[in-house]
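Structure first, commentary second.
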Amino acid sequence: MYIDIPKNTRVIILEGIAGSGKTTLMEYLKQQFKVPRLYIYLEQELLLGWKHIHIPHVSALRIQFMNLFLDELEKNLEQKEDAIFILERFHLSMKILEWEFENNFDTEYQKIVDRIKKLPVYILIAGLKNDEIKERMHHRERSRQWREYCEEKLELRGFGSLEAVSIAQQEAFFQAAEEQGIPYSSVQVQLNR
């Protein structure tokens, strides 16, 4: 597999629903980019792991953290001209997967998007065909906590199945990326079985 990423890209954001292959894609990109300064940030390190979702007011904390992270990223891009950064989830995941929004979320979120647009960024959305979603949606975190999270997500979102939620969320990733006007493409990842 070869992924065509624009030459001037220095920040790659991996997005997609649970089980779509983001981690596999990241491993592939590690091999594709043979640069001395490759910085990788996992979703948990970016405060975007699913286990954080129940923390009250986590969206405000995430917005604040994203601003701090972008401060650091901008500084590093300036100081380390050969560096490439790969982020497993970032602003799209926050918008699509967040459960509770603060009153000023949209305004603060748009400021994040405006900052990202100024960066040499490219978004890769790991996409699945609808018939693959059911097979892959029960991601590797098949613990009791993961199952409870999925059940709660179904109830909160008002869908009849996790598959339906995942299909809607995948469509929302592409719609948000298109609306924001940040360069992106879809990648179908072949997972090892």
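Identifiers in the structure tokens: chain A, B, ... in order shown; residue index from 1 per chain; ligand index from 1 in order shown.
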Please identify all polymer residues within 10 Å of region 17-23 of chain A, counting only C-alpha atoms, omitting same-chain residues fewer than 2 positions from it, and present them as a PDB file with C-alpha atoms, in the first residue's frame.
```
ATOM      1  CA  ILE A  13      -4.123  13.612  11.261  1.00  0.00           C
ATOM      2  CA  LEU A  14      -5.624  10.121  11.238  1.00  0.00           C
ATOM      3  CA  GLU A  15      -9.370  10.011  11.708  1.00  0.00           C
ATOM      4  CA  LEU A  25      -2.504   3.035   9.156  1.00  0.00           C
ATOM      5  CA  MET A  26      -0.199   4.677  11.682  1.00  0.00           C
ATOM      6  CA  GLU A  27       2.095   1.654  11.641  1.00  0.00           C
ATOM      7  CA  TYR A  28       2.212   1.831   7.861  1.00  0.00           C
ATOM      8  CA  LEU A  29       3.038   5.552   7.913  1.00  0.00           C
ATOM      9  CA  LEU A  42      -1.839   8.412  20.132  1.00  0.00           C
ATOM     10  CA  GLU A  43      -5.458   9.326  20.803  1.00  0.00           C
ATOM     11  CA  TRP A  50     -13.083   6.880  24.654  1.00  0.00           C
ATOM     12  CA  GLU A  88      -4.162   9.576  15.884  1.00  0.00           C
ATOM     13  CA  ARG A  89      -7.428  11.494  16.111  1.00  0.00           C
ATOM     14  CA  SER A  93     -12.969  13.112  16.337  1.00  0.00           C
ATOM     15  CA  ILE A  96     -18.045  13.856  15.752  1.00  0.00           C
ATOM     16  CA  LEU A  97     -17.603  11.686  18.838  1.00  0.00           C
ATOM     17  CA  LEU A 124      -6.367  10.702   6.316  1.00  0.00           C
ATOM     18  CA  ILE A 125      -9.780   9.287   7.139  1.00  0.00           C
ATOM     19  CA  ALA A 126      -9.752   5.516   7.514  1.00  0.00           C
ATOM     20  CA  GLY A 127     -13.012   4.555   5.850  1.00  0.00           C
ATOM     21  CA  LEU A 128     -14.969   1.344   5.659  1.00  0.00           C
ATOM     22  CA  LYS A 129     -17.634   0.077   3.315  1.00  0.00           C
ATOM     23  CA  GLU A 132     -17.472  -3.995   6.707  1.00  0.00           C
ATOM     24  CA  ILE A 133     -18.551  -1.798   9.598  1.00  0.00           C
ATOM     25  CA  LYS A 134     -20.532  -4.499  11.409  1.00  0.00           C
ATOM     26  CA  GLU A 135     -17.560  -6.862  11.263  1.00  0.00           C
ATOM     27  CA  ARG A 136     -15.034  -4.311  12.534  1.00  0.00           C
ATOM     28  CA  MET A 137     -17.045  -2.139  14.898  1.00  0.00           C
ATOM     29  CA  HIS A 138     -16.298  -4.244  17.947  1.00  0.00           C
ATOM     30  CA  HIS A 139     -12.792  -2.861  18.136  1.00  0.00           C
ATOM     31  CA  ARG A 140     -10.005  -4.579  20.033  1.00  0.00           C
ATOM     32  CA  GLU A 141     -11.157  -3.013  23.336  1.00  0.00           C
ATOM     33  CA  VAL A 165     -24.208   4.739  14.820  1.00  0.00           C
ATOM     34  CA  SER A 166     -20.895   3.889  13.156  1.00  0.00           C
ATOM     35  CA  ILE A 167     -22.275   4.442   9.644  1.00  0.00           C
ATOM     36  CA  ALA A 168     -23.672   7.844  10.684  1.00  0.00           C
ATOM     37  CA  GLN A 169     -20.411   8.803  12.368  1.00  0.00           C
ATOM     38  CA  GLN A 170     -18.329   7.794   9.352  1.00  0.00           C
ATOM     39  CA  GLU A 171     -20.530   9.947   7.106  1.00  0.00           C
ATOM     40  CA  PHE A 173     -16.311  12.548   9.431  1.00  0.00           C
ATOM     41  CA  VAL A 187      -8.017   5.378   2.897  1.00  0.00           C
ATOM     42  CA  GLN A 188      -9.292   1.823   3.103  1.00  0.00           C
ATOM     43  CA  VAL A 189      -6.994  -0.138   5.348  1.00  0.00           C
ATOM     44  CA  GLN A 190      -6.612  -3.867   4.896  1.00  0.00           C
ATOM     45  CA  LEU A 191      -6.483  -5.267   8.416  1.00  0.00           C
ATOM     46  CA  ASN A 192      -4.550  -8.388   9.298  1.00  0.00           C
TER      47      ASN A 192
END
```
*From a DSSP calculation on the backbone, collect every residue of region 30-77 of chain A in helix (DSSP H, G or I) and output the set as a ChimeraX atom specification.*
/A:30-32,50-52,58-77
Next, the residues of the selection above should be written as a PDB file, in the first residue's frame with N, CA and C atoms.
```
ATOM      1  N   LYS A  30       4.586   4.956   9.685  1.00  0.00           N
ATOM      2  CA  LYS A  30       5.907   4.905  10.321  1.00  0.00           C
ATOM      3  C   LYS A  30       6.942   4.346   9.346  1.00  0.00           C
ATOM      4  N   GLN A  31       6.524   3.354   8.562  1.00  0.00           N
ATOM      5  CA  GLN A  31       7.435   2.744   7.592  1.00  0.00           C
ATOM      6  C   GLN A  31       7.630   3.636   6.365  1.00  0.00           C
ATOM      7  N   GLN A  32       6.564   4.332   5.965  1.00  0.00           N
ATOM      8  CA  GLN A  32       6.638   5.175   4.769  1.00  0.00           C
ATOM      9  C   GLN A  32       7.523   6.398   4.993  1.00  0.00           C
ATOM     10  N   TRP A  50     -11.662   7.031  24.314  1.00  0.00           N
ATOM     11  CA  TRP A  50     -13.083   6.880  24.654  1.00  0.00           C
ATOM     12  C   TRP A  50     -13.318   6.793  26.159  1.00  0.00           C
ATOM     13  N   LYS A  51     -12.312   6.430  26.924  1.00  0.00           N
ATOM     14  CA  LYS A  51     -12.496   6.312  28.371  1.00  0.00           C
ATOM     15  C   LYS A  51     -12.648   7.674  29.055  1.00  0.00           C
ATOM     16  N   HIS A  52     -12.298   8.745  28.366  1.00  0.00           N
ATOM     17  CA  HIS A  52     -12.429  10.088  28.945  1.00  0.00           C
ATOM     18  C   HIS A  52     -13.838  10.660  28.829  1.00  0.00           C
ATOM     19  N   VAL A  58     -15.471  17.523  29.899  1.00  0.00           N
ATOM     20  CA  VAL A  58     -14.245  17.111  29.216  1.00  0.00           C
ATOM     21  C   VAL A  58     -14.061  17.870  27.898  1.00  0.00           C
ATOM     22  N   SER A  59     -15.135  18.302  27.259  1.00  0.00           N
ATOM     23  CA  SER A  59     -14.969  19.027  25.994  1.00  0.00           C
ATOM     24  C   SER A  59     -14.236  20.346  26.211  1.00  0.00           C
ATOM     25  N   ALA A  60     -14.504  21.027  27.319  1.00  0.00           N
ATOM     26  CA  ALA A  60     -13.788  22.276  27.611  1.00  0.00           C
ATOM     27  C   ALA A  60     -12.308  21.991  27.850  1.00  0.00           C
ATOM     28  N   LEU A  61     -12.030  20.909  28.557  1.00  0.00           N
ATOM     29  CA  LEU A  61     -10.649  20.511  28.804  1.00  0.00           C
ATOM     30  C   LEU A  61      -9.952  20.146  27.494  1.00  0.00           C
ATOM     31  N   ARG A  62     -10.654  19.438  26.630  1.00  0.00           N
ATOM     32  CA  ARG A  62     -10.073  19.045  25.344  1.00  0.00           C
ATOM     33  C   ARG A  62      -9.764  20.263  24.474  1.00  0.00           C
ATOM     34  N   ILE A  63     -10.668  21.233  24.439  1.00  0.00           N
ATOM     35  CA  ILE A  63     -10.420  22.466  23.668  1.00  0.00           C
ATOM     36  C   ILE A  63      -9.190  23.173  24.207  1.00  0.00           C
ATOM     37  N   GLN A  64      -9.110  23.302  25.523  1.00  0.00           N
ATOM     38  CA  GLN A  64      -7.952  23.956  26.142  1.00  0.00           C
ATOM     39  C   GLN A  64      -6.666  23.195  25.802  1.00  0.00           C
ATOM     40  N   PHE A  65      -6.713  21.861  25.912  1.00  0.00           N
ATOM     41  CA  PHE A  65      -5.538  21.050  25.599  1.00  0.00           C
ATOM     42  C   PHE A  65      -5.158  21.183  24.123  1.00  0.00           C
ATOM     43  N   MET A  66      -6.147  21.184  23.227  1.00  0.00           N
ATOM     44  CA  MET A  66      -5.842  21.319  21.799  1.00  0.00           C
ATOM     45  C   MET A  66      -5.122  22.626  21.511  1.00  0.00           C
ATOM     46  N   ASN A  67      -5.561  23.699  22.162  1.00  0.00           N
ATOM     47  CA  ASN A  67      -4.864  24.978  21.974  1.00  0.00           C
ATOM     48  C   ASN A  67      -3.425  24.904  22.466  1.00  0.00           C
ATOM     49  N   LEU A  68      -3.219  24.308  23.633  1.00  0.00           N
ATOM     50  CA  LEU A  68      -1.856  24.160  24.154  1.00  0.00           C
ATOM     51  C   LEU A  68      -1.025  23.266  23.238  1.00  0.00           C
ATOM     52  N   PHE A  69      -1.625  22.189  22.759  1.00  0.00           N
ATOM     53  CA  PHE A  69      -0.922  21.282  21.863  1.00  0.00           C
ATOM     54  C   PHE A  69      -0.550  21.997  20.561  1.00  0.00           C
ATOM     55  N   LEU A  70      -1.475  22.787  20.018  1.00  0.00           N
ATOM     56  CA  LEU A  70      -1.193  23.517  18.788  1.00  0.00           C
ATOM     57  C   LEU A  70      -0.099  24.562  19.003  1.00  0.00           C
ATOM     58  N   ASP A  71      -0.057  25.193  20.176  1.00  0.00           N
ATOM     59  CA  ASP A  71       1.053  26.111  20.496  1.00  0.00           C
ATOM     60  C   ASP A  71       2.384  25.385  20.356  1.00  0.00           C
ATOM     61  N   GLU A  72       2.464  24.222  20.964  1.00  0.00           N
ATOM     62  CA  GLU A  72       3.696  23.428  20.940  1.00  0.00           C
ATOM     63  C   GLU A  72       4.003  22.922  19.529  1.00  0.00           C
ATOM     64  N   LEU A  73       2.979  22.488  18.816  1.00  0.00           N
ATOM     65  CA  LEU A  73       3.158  21.988  17.459  1.00  0.00           C
ATOM     66  C   LEU A  73       3.686  23.091  16.543  1.00  0.00           C
ATOM     67  N   GLU A  74       3.094  24.260  16.626  1.00  0.00           N
ATOM     68  CA  GLU A  74       3.549  25.388  15.795  1.00  0.00           C
ATOM     69  C   GLU A  74       5.011  25.733  16.084  1.00  0.00           C
ATOM     70  N   LYS A  75       5.376  25.729  17.350  1.00  0.00           N
ATOM     71  CA  LYS A  75       6.760  26.008  17.735  1.00  0.00           C
ATOM     72  C   LYS A  75       7.705  24.957  17.160  1.00  0.00           C
ATOM     73  N   ASN A  76       7.327  23.693  17.284  1.00  0.00           N
ATOM     74  CA  ASN A  76       8.167  22.608  16.777  1.00  0.00           C
ATOM     75  C   ASN A  76       8.278  22.623  15.258  1.00  0.00           C
ATOM     76  N   LEU A  77       7.202  22.950  14.570  1.00  0.00           N
ATOM     77  CA  LEU A  77       7.254  23.031  13.115  1.00  0.00           C
ATOM     78  C   LEU A  77       8.237  24.111  12.666  1.00  0.00           C
TER      79      LEU A  77
END
```
*Check the smallest atom-to-atom distance from each of A:Tyr39, A:Lys117, A:Asp106, A:Lys111 to Leu87 (chain A) using only C-alpha atoms, then report the winner.*
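Checking each candidate against Leu87 (chain A), we get A:Tyr39 as the closest.
Distance-wise, CA of His57 (chain A) and CA of Met94 (chain A) end up 13.0 Å apart.
Between CA of Gln110 (chain A) and CA of Leu48 (chain A) lies a distance of 17.7 Å.
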_Need to verify the contact set: Tyr122 (chain A), 6 Å, only C-alpha atoms, exclusion of same-chain residues closer than 6 positions in sequence. Can you return it as a PyMOL selection string?_
chain A and resi 12+183-184
Selection to disk with C-alpha atoms, as a PDB file, in the first residue's frame:
```
ATOM      1  CA  ILE A  12      -0.895  14.093   9.352  1.00  0.00           C
ATOM      2  CA  PRO A 183      -7.039  18.777   2.621  1.00  0.00           C
ATOM      3  CA  TYR A 184      -8.005  15.147   3.217  1.00  0.00           C
TER       4      TYR A 184
END
```
*Rounded to one decimal place, report the CA of Tyr41 (chain A)-CA of Phe174 (chain A) distance in Å.*
22.0 Å
*Between A:His91, A:Phe33, A:Gly181, A:Gln44, which one has atoms that come closest to Tyr2 (chain A), using only C-alpha atoms?*
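Distance minimum relative to Tyr2 (chain A) lands on A:Phe33.
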*For Asp82 (chain A), which residue among A:Val11, A:Ala177, A:Ile112, A:Leu119 is the nearest when counting only C-alpha atoms?*
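The closest residue to Asp82 (chain A) is A:Val11.
Using only C-alpha atoms, the smallest distance between any of A:Pro120, A:Ala83, A:Trp99, A:Glu78 and Leu156 (chain A) comes from A:Trp99.
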*Taking the backbone alone, and naming residues the way the document does, which bits of region 62-192 of chain A are strand (DSSP E) by DSSP, as a PyMOL selection string?*
chain A and resi 84-88+121-126+184-187
